[in-house]
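**Q** One file is attached below, work_12.cif, containing mmCIF, C-alpha atoms.
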data_entry
loop_
_atom_site.label_atom_id
_atom_site.label_comp_id
_atom_site.auth_asym_id
_atom_site.auth_seq_id
_atom_site.Cartn_x
_atom_site.Cartn_y
_atom_site.Cartn_z
CA MET A 1 15.88 -3.71 -21.92
CA THR A 2 15.79 -6.25 -19.13
CA PRO A 3 14.60 -9.82 -19.61
CA PHE A 4 11.65 -8.95 -17.40
CA ASP A 5 10.29 -6.33 -19.74
CA LEU A 6 7.69 -7.99 -21.85
CA SER A 7 7.18 -6.03 -25.02
CA GLY A 8 3.58 -5.03 -25.42
CA ALA A 9 2.76 -6.15 -21.89
CA GLU A 10 2.26 -3.99 -18.89
CA SER A 11 5.29 -3.44 -16.71
CA ASP A 12 5.43 -4.83 -13.22
CA ARG A 13 5.08 -1.32 -11.90
CA GLU A 14 1.86 -0.79 -13.82
CA LEU A 15 0.46 -4.11 -12.64
CA ILE A 16 1.33 -3.26 -9.05
CA ASP A 17 -0.46 0.07 -9.40
CA ARG A 18 -3.47 -1.71 -10.86
CA TRP A 19 -3.50 -4.16 -7.97
CA LYS A 20 -3.27 -1.30 -5.51
CA ALA A 21 -6.30 0.23 -7.21
CA GLY A 22 -8.23 -2.96 -6.47
CA ASP A 23 -7.71 -4.97 -9.68
CA SER A 24 -7.08 -8.54 -8.51
CA ARG A 25 -6.36 -9.71 -12.08
CA ALA A 26 -3.12 -7.76 -11.94
CA ALA A 27 -1.97 -10.04 -9.13
CA SER A 28 -2.66 -13.09 -11.29
CA LEU A 29 -0.51 -11.65 -14.05
CA LEU A 30 2.35 -10.92 -11.66
CA VAL A 31 2.18 -14.45 -10.26
CA GLU A 32 2.10 -15.89 -13.76
CA ARG A 33 5.09 -13.80 -14.75
CA HIS A 34 7.40 -14.55 -11.83
CA ALA A 35 6.37 -17.88 -10.28
CA ASP A 36 8.57 -20.04 -12.49
CA ALA A 37 11.66 -17.95 -11.87
CA LEU A 38 11.08 -18.19 -8.14
CA ALA A 39 10.63 -21.94 -8.34
CA ARG A 40 13.81 -22.35 -10.41
CA PHE A 41 15.77 -20.20 -7.99
CA ALA A 42 14.51 -22.33 -5.10
CA VAL A 43 15.46 -25.58 -6.79
CA SER A 44 18.86 -24.22 -7.85
CA SER A 45 19.47 -23.12 -4.29
CA GLY A 46 19.00 -26.69 -3.08
CA GLU A 47 15.33 -26.72 -2.12
CA SER A 48 13.60 -29.90 -3.16
CA GLU A 49 10.40 -30.00 -1.13
CA GLU A 50 7.25 -27.91 -1.08
CA ILE A 51 8.46 -25.56 -3.76
CA GLU A 52 4.94 -24.39 -4.51
CA GLU A 53 4.37 -23.55 -0.85
CA LEU A 54 7.61 -21.61 -0.81
CA VAL A 55 6.64 -19.68 -3.93
CA GLN A 56 3.19 -19.04 -2.53
CA ASP A 57 4.59 -17.79 0.77
CA THR A 58 6.91 -15.51 -1.16
CA PHE A 59 4.03 -13.95 -3.06
CA VAL A 60 1.84 -13.67 0.02
CA ARG A 61 4.56 -11.84 1.90
CA ALA A 62 5.37 -9.66 -1.06
CA PHE A 63 1.77 -8.60 -1.61
CA ALA A 64 1.19 -8.09 2.09
CA SER A 65 4.02 -5.59 2.21
CA LEU A 66 3.73 -4.15 -1.26
CA GLU A 67 3.35 -0.66 0.19
CA SER A 68 6.97 -0.84 1.26
CA PHE A 69 8.16 -1.72 -2.25
CA ARG A 70 9.74 1.48 -3.53
CA GLY A 71 10.56 0.21 -7.00
CA GLU A 72 14.25 0.96 -6.58
CA SER A 73 14.96 -2.60 -7.68
CA SER A 74 12.93 -4.73 -10.04
CA PHE A 75 9.92 -6.53 -8.63
CA ARG A 76 11.56 -9.87 -9.40
CA THR A 77 14.69 -8.95 -7.47
CA TRP A 78 12.52 -8.01 -4.54
CA LEU A 79 10.72 -11.35 -4.79
CA PHE A 80 14.05 -13.19 -4.81
CA THR A 81 15.06 -11.29 -1.68
CA ILE A 82 11.91 -12.39 0.12
CA GLU A 83 12.20 -15.97 -1.11
CA ARG A 84 15.82 -16.20 -0.02
CA ARG A 85 14.88 -15.12 3.51
CA LEU A 86 12.14 -17.75 3.57
CA MET A 87 14.60 -20.41 2.43
CA LEU A 88 17.03 -19.43 5.17
CA ASP A 89 14.19 -19.64 7.72
CA ARG A 90 13.26 -23.06 6.39
CA ARG A 91 16.79 -24.35 6.67
CA ARG A 92 17.14 -23.06 10.20
CA SER A 93 13.84 -24.66 11.09
CA LYS A 94 14.86 -27.96 9.51
CA ARG A 95 18.14 -27.96 11.38
CA ARG A 96 16.27 -27.58 14.65
CA GLN A 97 13.82 -30.27 13.61
CA LYS A 98 16.61 -32.72 12.83
CA VAL A 99 17.79 -32.59 16.39
CA THR A 100 14.46 -33.41 17.95
CA VAL A 101 12.48 -35.36 15.37
CA GLU A 102 13.46 -38.61 13.82
CA VAL A 103 12.45 -38.56 10.20
CA GLN A 104 10.22 -41.42 9.18
CA ALA A 105 11.37 -43.29 6.12
CA GLY A 106 8.05 -42.93 4.32
CA ASP A 107 7.87 -39.18 4.83
CA ALA A 108 10.26 -38.47 2.02
CA ALA A 109 7.86 -39.67 -0.65
CA THR A 110 6.34 -36.57 -2.21
CA ASP A 111 4.91 -35.39 -5.45
CA TYR A 112 8.35 -34.40 -6.48
CA THR A 113 9.60 -37.90 -7.14
CA ALA A 114 9.63 -37.13 -10.84
CA LEU A 115 11.47 -33.90 -10.20
CA ASP A 116 14.01 -35.69 -8.02
CA ALA A 117 14.60 -38.19 -10.78
CA LEU A 118 15.02 -35.37 -13.24
CA LEU A 119 17.40 -33.57 -10.94
CA ALA A 120 19.38 -36.74 -10.37
CA GLN A 121 19.60 -37.26 -14.08
CA GLU A 122 20.75 -33.72 -14.67
CA ALA A 123 23.17 -33.87 -11.78
CA GLU A 124 25.11 -36.41 -13.79
CA SER A 125 26.09 -33.81 -16.27
CA ARG A 126 29.50 -32.36 -15.76
CA VAL A 127 28.44 -28.75 -15.45
CA ARG A 128 25.73 -29.53 -13.02
CA LYS A 129 28.12 -31.43 -10.83
CA ALA A 130 30.46 -28.51 -11.00
CA VAL A 131 27.77 -26.07 -9.95
CA ASP A 132 26.62 -28.37 -7.19
CA ALA A 133 30.17 -28.46 -5.89
CA LEU A 134 30.15 -24.74 -5.21
CA SER A 135 29.83 -23.38 -1.70
CA PRO A 136 26.28 -22.27 -0.81
CA THR A 137 27.17 -18.60 -1.19
CA GLN A 138 29.00 -19.13 -4.47
CA ARG A 139 26.16 -21.24 -5.83
CA GLU A 140 23.59 -18.66 -4.85
CA VAL A 141 25.48 -15.83 -6.52
CA PHE A 142 26.35 -17.95 -9.55
CA THR A 143 22.76 -19.13 -9.97
CA LEU A 144 21.37 -15.61 -9.75
CA ARG A 145 23.92 -14.37 -12.25
CA VAL A 146 23.92 -17.17 -14.81
CA GLU A 147 20.48 -18.75 -14.52
CA GLN A 148 18.42 -15.71 -13.56
CA GLY A 149 20.47 -13.04 -15.29
CA LEU A 150 20.61 -10.62 -12.38
CA SER A 151 23.17 -7.84 -12.27
CA TYR A 152 25.75 -7.65 -9.49
CA ARG A 153 23.80 -4.83 -7.92
CA GLU A 154 20.64 -6.92 -7.86
CA ILE A 155 22.50 -9.97 -6.55
CA ALA A 156 23.97 -7.83 -3.79
CA GLU A 157 20.47 -6.73 -2.85
CA VAL A 158 19.06 -10.26 -2.83
CA ALA A 159 21.98 -11.78 -0.96
CA GLY A 160 22.41 -8.85 1.41
CA THR A 161 25.98 -8.18 0.38
CA THR A 162 27.92 -5.71 -1.72
CA GLU A 163 28.36 -5.56 -5.48
CA GLY A 164 32.09 -6.12 -5.06
CA ALA A 165 31.58 -9.20 -2.92
CA ALA A 166 29.02 -10.56 -5.39
CA ARG A 167 31.50 -10.04 -8.23
CA VAL A 168 34.26 -11.86 -6.34
CA HIS A 169 31.94 -14.77 -5.50
CA TYR A 170 30.89 -15.02 -9.13
CA HIS A 171 34.44 -15.10 -10.50
CA ASN A 172 35.56 -17.63 -7.88
CA ALA A 173 32.55 -19.77 -8.73
CA MET A 174 33.25 -19.46 -12.44
CA ARG A 175 36.82 -20.59 -11.92
CA VAL A 176 35.69 -23.65 -9.95
CA VAL A 177 33.07 -24.56 -12.53
CA LYS A 178 35.60 -24.27 -15.36
CA GLU A 179 38.07 -26.46 -13.53
CA LEU A 180 35.57 -29.14 -12.58
CA SER A 181 33.75 -29.21 -15.89
CA SER A 182 36.98 -29.58 -17.86
CA ASP A 183 38.12 -32.65 -15.89
CA MET B 1 41.08 -22.77 -20.92
CA THR B 2 42.86 -19.43 -21.10
CA GLU B 3 41.05 -16.38 -19.82
CA CYS B 4 40.20 -13.22 -21.67
CA PRO B 5 42.43 -10.32 -20.61
CA TYR B 6 39.38 -8.01 -20.43
CA PRO B 7 37.63 -8.70 -17.11
CA GLU B 8 34.84 -6.20 -17.84
CA ILE B 9 33.93 -8.17 -20.95
CA ARG B 10 33.92 -11.45 -19.02
CA ASP B 11 31.73 -9.74 -16.46
CA SER B 12 29.21 -8.89 -19.13
CA LEU B 13 28.92 -12.34 -20.69
CA PRO B 14 25.96 -13.41 -18.51
CA ASP B 15 24.21 -10.17 -19.51
CA LEU B 16 24.82 -11.01 -23.16
CA LEU B 17 23.42 -14.48 -22.53
CA HIS B 18 20.23 -13.04 -21.04
CA GLY B 19 19.88 -10.23 -23.55
CA ARG B 20 20.19 -7.55 -20.91
CA LEU B 21 22.51 -5.32 -22.89
CA GLY B 22 21.66 -2.44 -25.16
CA GLU B 23 22.02 -2.71 -28.92
CA VAL B 24 25.47 -1.08 -29.03
CA ASP B 25 26.89 -3.17 -26.19
CA THR B 26 25.41 -6.32 -27.65
CA ALA B 27 27.02 -5.63 -31.02
CA THR B 28 30.37 -4.77 -29.44
CA LEU B 29 30.40 -7.83 -27.22
CA THR B 30 29.22 -10.15 -29.94
CA ALA B 31 32.03 -8.93 -32.17
CA HIS B 32 34.54 -9.52 -29.39
CA VAL B 33 33.22 -13.00 -28.61
CA GLU B 34 33.55 -13.97 -32.23
CA SER B 35 37.21 -13.05 -32.17
CA CYS B 36 38.05 -14.23 -28.63
CA THR B 37 38.36 -17.98 -28.12
CA ALA B 38 38.27 -17.74 -24.33
CA CYS B 39 35.11 -15.66 -24.26
CA ARG B 40 33.46 -17.87 -26.86
CA ALA B 41 34.18 -20.93 -24.72
CA GLU B 42 33.01 -19.20 -21.56
CA LEU B 43 29.79 -18.02 -23.17
CA ALA B 44 29.14 -21.55 -24.41
CA LEU B 45 29.73 -22.91 -20.91
CA LEU B 46 27.36 -20.33 -19.44
CA GLY B 47 24.74 -21.34 -21.97
CA GLU B 48 25.20 -24.98 -21.04
CA ILE B 49 24.85 -24.23 -17.33
CA ARG B 50 21.73 -22.21 -17.94
CA ALA B 51 20.23 -24.96 -20.07
CA SER B 52 21.01 -27.57 -17.43
CA ALA B 53 19.36 -25.59 -14.68
CA PRO B 54 16.89 -27.73 -12.77
CA LEU B 55 13.35 -27.43 -14.00
CA ALA B 56 10.79 -25.84 -11.79
CA PRO B 57 8.00 -28.13 -10.65
CA ARG B 58 4.57 -27.55 -12.12
CA MET B 59 2.63 -25.24 -9.86
CA ASP B 60 -1.00 -24.37 -9.38
CA LEU B 61 -0.86 -20.65 -10.06
CA GLU B 62 -4.56 -20.16 -9.35
CA ARG B 63 -4.07 -21.58 -5.88
CA ILE B 64 -1.13 -19.24 -5.30
CA THR B 65 -3.16 -16.26 -6.50
CA ALA B 66 -6.12 -17.26 -4.33
CA ALA B 67 -3.88 -17.20 -1.26
CA LEU B 68 -2.87 -13.60 -1.83
CA PRO B 69 -4.23 -10.97 0.50
CA VAL B 70 -7.28 -9.19 -0.84
CA ARG B 71 -6.60 -5.62 -1.71
CA SER B 72 -9.01 -3.21 -0.12
CA VAL B 73 -9.06 0.05 -1.98
CA VAL B 74 -8.04 2.91 0.24
CA LEU B 75 -10.09 5.98 -0.54
CA PRO B 76 -8.36 9.32 -0.30
CA PRO B 77 -9.06 10.97 3.02
CA ARG B 78 -12.10 13.22 2.92
CA ARG B 79 -11.64 16.86 3.55
CA PRO B 80 -12.87 17.72 7.00
CA VAL B 81 -16.23 19.44 6.88
CA VAL B 82 -16.07 22.76 8.62
CA SER B 83 -19.39 23.53 10.18
CA ARG B 84 -20.12 27.20 9.89
CA ILE B 85 -23.19 26.88 12.05
CA SER B 86 -21.12 25.74 14.98
CA SER B 87 -18.86 28.73 14.70
CA PRO B 88 -18.97 30.76 17.92
CA VAL B 89 -19.53 33.95 15.93
CA TRP B 90 -22.70 32.55 14.46
CA LYS B 91 -23.80 31.22 17.81
CA PHE B 92 -23.33 34.66 19.24
CA ALA B 93 -25.29 36.27 16.41
CA ALA B 94 -28.07 33.70 16.73
CA ALA B 95 -28.31 34.29 20.46
CA ILE B 96 -28.63 38.03 19.91
CA ALA B 97 -31.29 37.53 17.25
CA ILE B 98 -33.29 35.25 19.54
CA ALA B 99 -32.96 37.64 22.43
CA ILE B 100 -34.12 40.58 20.32
CA SER B 101 -37.06 38.77 18.77
CA GLY B 102 -38.03 37.36 22.16
CA GLY B 103 -37.79 40.78 23.68
CA LEU B 104 -39.96 42.30 20.97
CA LEU B 105 -42.52 39.56 21.35
CA LEU B 106 -42.76 40.06 25.08
CA GLN B 107 -42.82 43.78 24.63
CA ASP B 108 -45.84 43.39 22.34
CA ARG B 109 -47.58 41.37 25.00
CA GLY B 110 -46.74 44.11 27.46
CA VAL B 111 -48.49 46.63 25.20
CA VAL B 112 -51.60 44.48 25.13
CA ALA B 113 -51.44 44.22 28.87
CA ASP B 114 -51.20 47.98 29.04
CA ALA B 115 -54.31 48.38 26.98
CA PRO B 116 -57.30 49.77 28.81
CA SER B 117 -59.53 47.09 30.27
CA ASN B 118 -62.65 48.56 28.78
CA THR B 119 -61.42 48.20 25.19
CA ARG B 120 -63.90 46.45 22.97
CA VAL B 121 -63.32 44.96 19.59
CA VAL B 122 -65.90 45.72 17.00
CA SER B 123 -66.84 42.89 14.72
CA SER B 124 -66.44 43.36 11.01
CA LEU B 125 -69.62 41.46 10.41
CA PRO B 126 -72.52 43.54 9.26
CA ALA B 127 -75.00 44.32 11.92
CA GLY B 128 -77.73 41.84 12.35
CA THR B 129 -76.02 38.92 10.59
CA ASP B 130 -75.57 37.03 13.84
CA GLY B 131 -79.02 37.97 14.99
CA GLY B 132 -77.58 39.39 18.17
CA SER B 133 -75.17 41.93 19.46
CA SER B 134 -72.64 43.27 17.01
CA LEU B 135 -70.12 43.58 19.78
CA VAL B 136 -67.70 40.74 20.55
CA GLU B 137 -66.34 40.30 24.00
CA PRO B 138 -62.54 40.70 24.08
CA ALA B 139 -60.27 37.95 25.39
CA PRO B 140 -59.57 38.29 29.07
CA VAL B 141 -56.47 40.34 29.66
CA ARG B 142 -54.23 40.14 32.67
CA GLU B 143 -53.56 43.55 34.02
CA ASN B 144 -50.10 44.61 35.18
CA ASP B 145 -48.81 41.02 35.27
CA GLU B 146 -45.10 41.78 35.28
CA SER B 147 -44.20 38.17 35.96
CA LEU B 148 -44.82 37.44 32.31
CA SER B 149 -42.40 40.05 31.11
CA LEU B 150 -38.69 39.36 31.12
CA VAL B 151 -37.99 42.83 29.90
CA ALA B 152 -39.82 45.55 31.63
CA GLY B 153 -40.71 48.60 29.64
CA VAL B 154 -38.05 51.29 29.59
CA HIS B 155 -40.57 53.78 30.77
CA GLU B 156 -40.87 51.81 34.01
CA LEU B 157 -37.17 52.26 34.82
CA THR B 158 -35.93 55.13 36.84
CA ASP B 159 -33.28 57.46 35.47
CA ASP B 160 -30.62 55.84 37.67
CA GLN B 161 -31.56 52.39 36.44
CA ILE B 162 -31.42 53.49 32.81
CA GLU B 163 -28.04 55.09 33.35
CA SER B 164 -26.57 51.99 34.99
CA LEU B 165 -28.04 49.83 32.24
CA LEU B 166 -26.40 51.95 29.58
CA ILE B 167 -23.07 51.69 31.38
CA GLU B 168 -23.44 47.91 31.47
CA LEU B 169 -24.32 47.82 27.79
CA ASP B 170 -21.23 49.86 26.96
CA GLY B 171 -19.15 47.27 28.82
CA ILE B 172 -20.43 44.32 26.80
CA GLU B 173 -17.91 43.07 24.28
CA THR B 174 -19.80 42.36 21.11
CA ILE B 175 -16.82 41.10 19.09
CA PRO B 176 -14.82 38.14 20.39
CA SER B 177 -11.32 39.17 21.39
CA ALA B 178 -9.70 36.20 19.70
CA GLU B 179 -10.24 34.48 16.38
CA PRO B 180 -12.53 31.58 17.11
CA GLU B 181 -11.18 28.10 16.48
CA GLN B 182 -12.64 26.24 13.57
CA ALA B 183 -14.89 23.42 14.55
CA VAL B 184 -14.10 20.28 12.55
CA LEU B 185 -16.48 17.44 11.97
CA TYR B 186 -15.23 14.06 10.75
CA LEU B 187 -17.73 12.03 8.85
CA GLU B 188 -17.66 8.32 9.57
CA GLU B 189 -17.56 6.11 6.51
CA SER B 190 -20.37 3.64 6.52
#
Reformat the file's structure so that it appears as structure tokens.

**A**
Amino acid sequence: MTPFDLSGAESDRELIDRWKAGDSRAASLLVERHADALARFAVSSGESEEIEELVQDTFVRAFASLESFRGESSFRTWLFTIERRLMLDRRRSKRRQKVTVEVQAGDAATDYTALDALLAQEAESRVRKAVDALSPTQREVFTLRVEQGLSYREIAEVAGTTEGAARVHYHNAMRVVKELSSD
Amino acid sequence: MTECPYPEIRDSLPDLLHGRLGEVDTATLTAHVESCTACRAELALLGEIRASAPLAPRMDLERITAALPVRSVVLPPRRPVVSRISSPVWKFAAAIAIAISGGLLLQDRGVVADAPSNTRVVSSLPAGTDGGSSLVEPAPVRENDESLSLVAGVHELTDDQIESLLIELDGIETIPSAEPEQAVLYLEES
């Protein structure tokens, strides 16, 4: 059993089939089921702004290309893959923007002030600091493995790497976290 | 913190944390963790990391759902309707039928035209009911008007003409030499 199988509930595959048959309520259930995980993955990966927009874009892209979803991986893994690409695009776009646009001081104020405060508070914890100290690749793999519970095969699919590489990144990350959190 | 000498067990600790293992594996791993200090500590650390994961912001799920593309149901493709009427075989048969019936019709008219001009039609009315003549004048008949007839009577043809006509008829291919192609009609969906 995977953590995404909800006993008594329809599987993702069944909901996708229902949506394909024209049942829009199936889409609502899929969004309800996976939105939080996508948001957590985004925040854990370092995103702090417009999380809802990112999650929405992920779903829009996923549903727009649902015909290409073969079901070889879980629907959630596929969503993570799409979201990760969107995050990479965002970061590239932001890097370009930094060069040309001077950020206004007031622009940083968003609805996520409370979230930032919460994150800052949590970042004080030893383990969080340790995780934050990981390299981007290590943190991504570690987050997917520990916080989302993905297998190495699924992580490899999301991160566009191999199972072996994902395993190595995880163990290196685990070693760093152990060292830093025991200081 | 010392490490467990079984890397495959350490690999599976996140799966144990997320309940992704089967019953047997869960029991085996749980038993090992209880007896292995390193794995117990690592599992506790993993649990702490998971619990300290940043919270996701509250989201408007209805807004997200509303932004999704609307699914238009794709109907299975309709089977092409093969029109039998448009089949060349039927066209050929229909043409022959029309030609024959037309020929017969014109031939009938030719017979009327051949009728003697002094023919009179006798009324079925009893004599005296119309207070006049019991004879009705026939409709005017054109005599020997061959321009009306597309097919002249066989008796008007000479022997040579009949012979050449028969030769031509023998040469006509009544059955198409090749299998006719099926005509396909696609119905537009409204």

**Q** Quick check, in Å to one decimal: how far apart do atom CA of Val168 of chain A and atom CA of Gly22 of chain B lie?

**A**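 According to the coordinates, atom CA of Val168 of chain A and atom CA of Gly22 of chain B are separated by 24.5 Å.
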
**Q** Taking the file as shown, find all residues satisfying the PyMOL selection byres ((chain A) within 6 of (chain B)) and write them as a list of chain:residue names.

**A**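 Selection result, ordered by chain and number: A:Met1, A:Thr2, A:Ala21, A:Gly22, A:Ser28, A:Ala39, A:Arg40, A:Glu52, A:Gln56, A:Val60, A:Val146, A:Glu147, A:Gly149.
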
**Q** Counting only C-alpha atoms, figure out which residue out of B:Asp159, B:Ala93, B:Leu169, B:Cys4 gets nearest to Val33 of chain B.

**A**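 Between B:Asp159, B:Ala93, B:Leu169, B:Cys4, the residue approaching Val33 of chain B most closely is B:Cys4.
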
**Q** Distance atom CA of Ile82 of chain A-atom CA of His34 of chain A, one decimal place?

**A**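 About the pair atom CA of Ile82 of chain A and atom CA of His34 of chain A: they are 13.0 Å apart.
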
**Q** Kindly give the distance, in Å, that separates atom CA of Arg40 of chain B and atom CA of Ser45 of chain A, rounded to a single decimal.

**A**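 These two atoms are separated by 27.1 Å.
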
**Q** At a cut-off of 10 Å, using all atoms listed in the file, what residues contact Val177 of chain A? Leave out same-chain residues fewer than 2 positions from it and give the result as a PDB file with C-alpha atoms, keeping the file's coordinate frame.

**A**
ATOM      1  CA  ARG A 126      29.500 -32.360 -15.760  1.00  0.00           C
ATOM      2  CA  VAL A 127      28.440 -28.750 -15.450  1.00  0.00           C
ATOM      3  CA  ARG A 128      25.730 -29.530 -13.020  1.00  0.00           C
ATOM      4  CA  LYS A 129      28.120 -31.430 -10.830  1.00  0.00           C
ATOM      5  CA  ALA A 130      30.460 -28.510 -11.000  1.00  0.00           C
ATOM      6  CA  VAL A 131      27.770 -26.070  -9.950  1.00  0.00           C
ATOM      7  CA  ASP A 132      26.620 -28.370  -7.190  1.00  0.00           C
ATOM      8  CA  ALA A 133      30.170 -28.460  -5.890  1.00  0.00           C
ATOM      9  CA  LEU A 134      30.150 -24.740  -5.210  1.00  0.00           C
ATOM     10  CA  PHE A 142      26.350 -17.950  -9.550  1.00  0.00           C
ATOM     11  CA  HIS A 171      34.440 -15.100 -10.500  1.00  0.00           C
ATOM     12  CA  ASN A 172      35.560 -17.630  -7.880  1.00  0.00           C
ATOM     13  CA  ALA A 173      32.550 -19.770  -8.730  1.00  0.00           C
ATOM     14  CA  MET A 174      33.250 -19.460 -12.440  1.00  0.00           C
ATOM     15  CA  ARG A 175      36.820 -20.590 -11.920  1.00  0.00           C
ATOM     16  CA  GLU A 179      38.070 -26.460 -13.530  1.00  0.00           C
ATOM     17  CA  LEU A 180      35.570 -29.140 -12.580  1.00  0.00           C
ATOM     18  CA  SER A 181      33.750 -29.210 -15.890  1.00  0.00           C
ATOM     19  CA  SER A 182      36.980 -29.580 -17.860  1.00  0.00           C
TER      20      SER A 182
ATOM     21  CA  LEU B  45      29.730 -22.910 -20.910  1.00  0.00           C
ATOM     22  CA  LEU B  46      27.360 -20.330 -19.440  1.00  0.00           C
ATOM     23  CA  ILE B  49      24.850 -24.230 -17.330  1.00  0.00           C
TER      24      ILE B  49
END

**Q** Using the chain letters and numbers from this file, what does the PyMOL selection byres ((chain A and resi 87) around 12) select? Give the answer as an MDAnalysis selection string.

**A** chainID A and resid 38:39 41:51 53:55 57:58 80:86 88:94 140 159

**Q** Determine the residue set returned by the PyMOL selection byres ((chain A and resi 77) around 9) for the present structure, and present it as a PyMOL selection string.

**A** chain A and resi 73-76+78-82+150+154-155+157-158

**Q** As lines of an AutoDock Vina configuration file, please report the centre and edge lengths, rounded to one decimal in Å, of the axis-aligned box that holds all listed atoms of segment 21-39 of chain A with 3 Å of padding on each of the six sides.

**A**
center_x = 1.7
center_y = -10.9
center_z = -10.6
size_x = 25.9
size_y = 28.2
size_z = 14.3
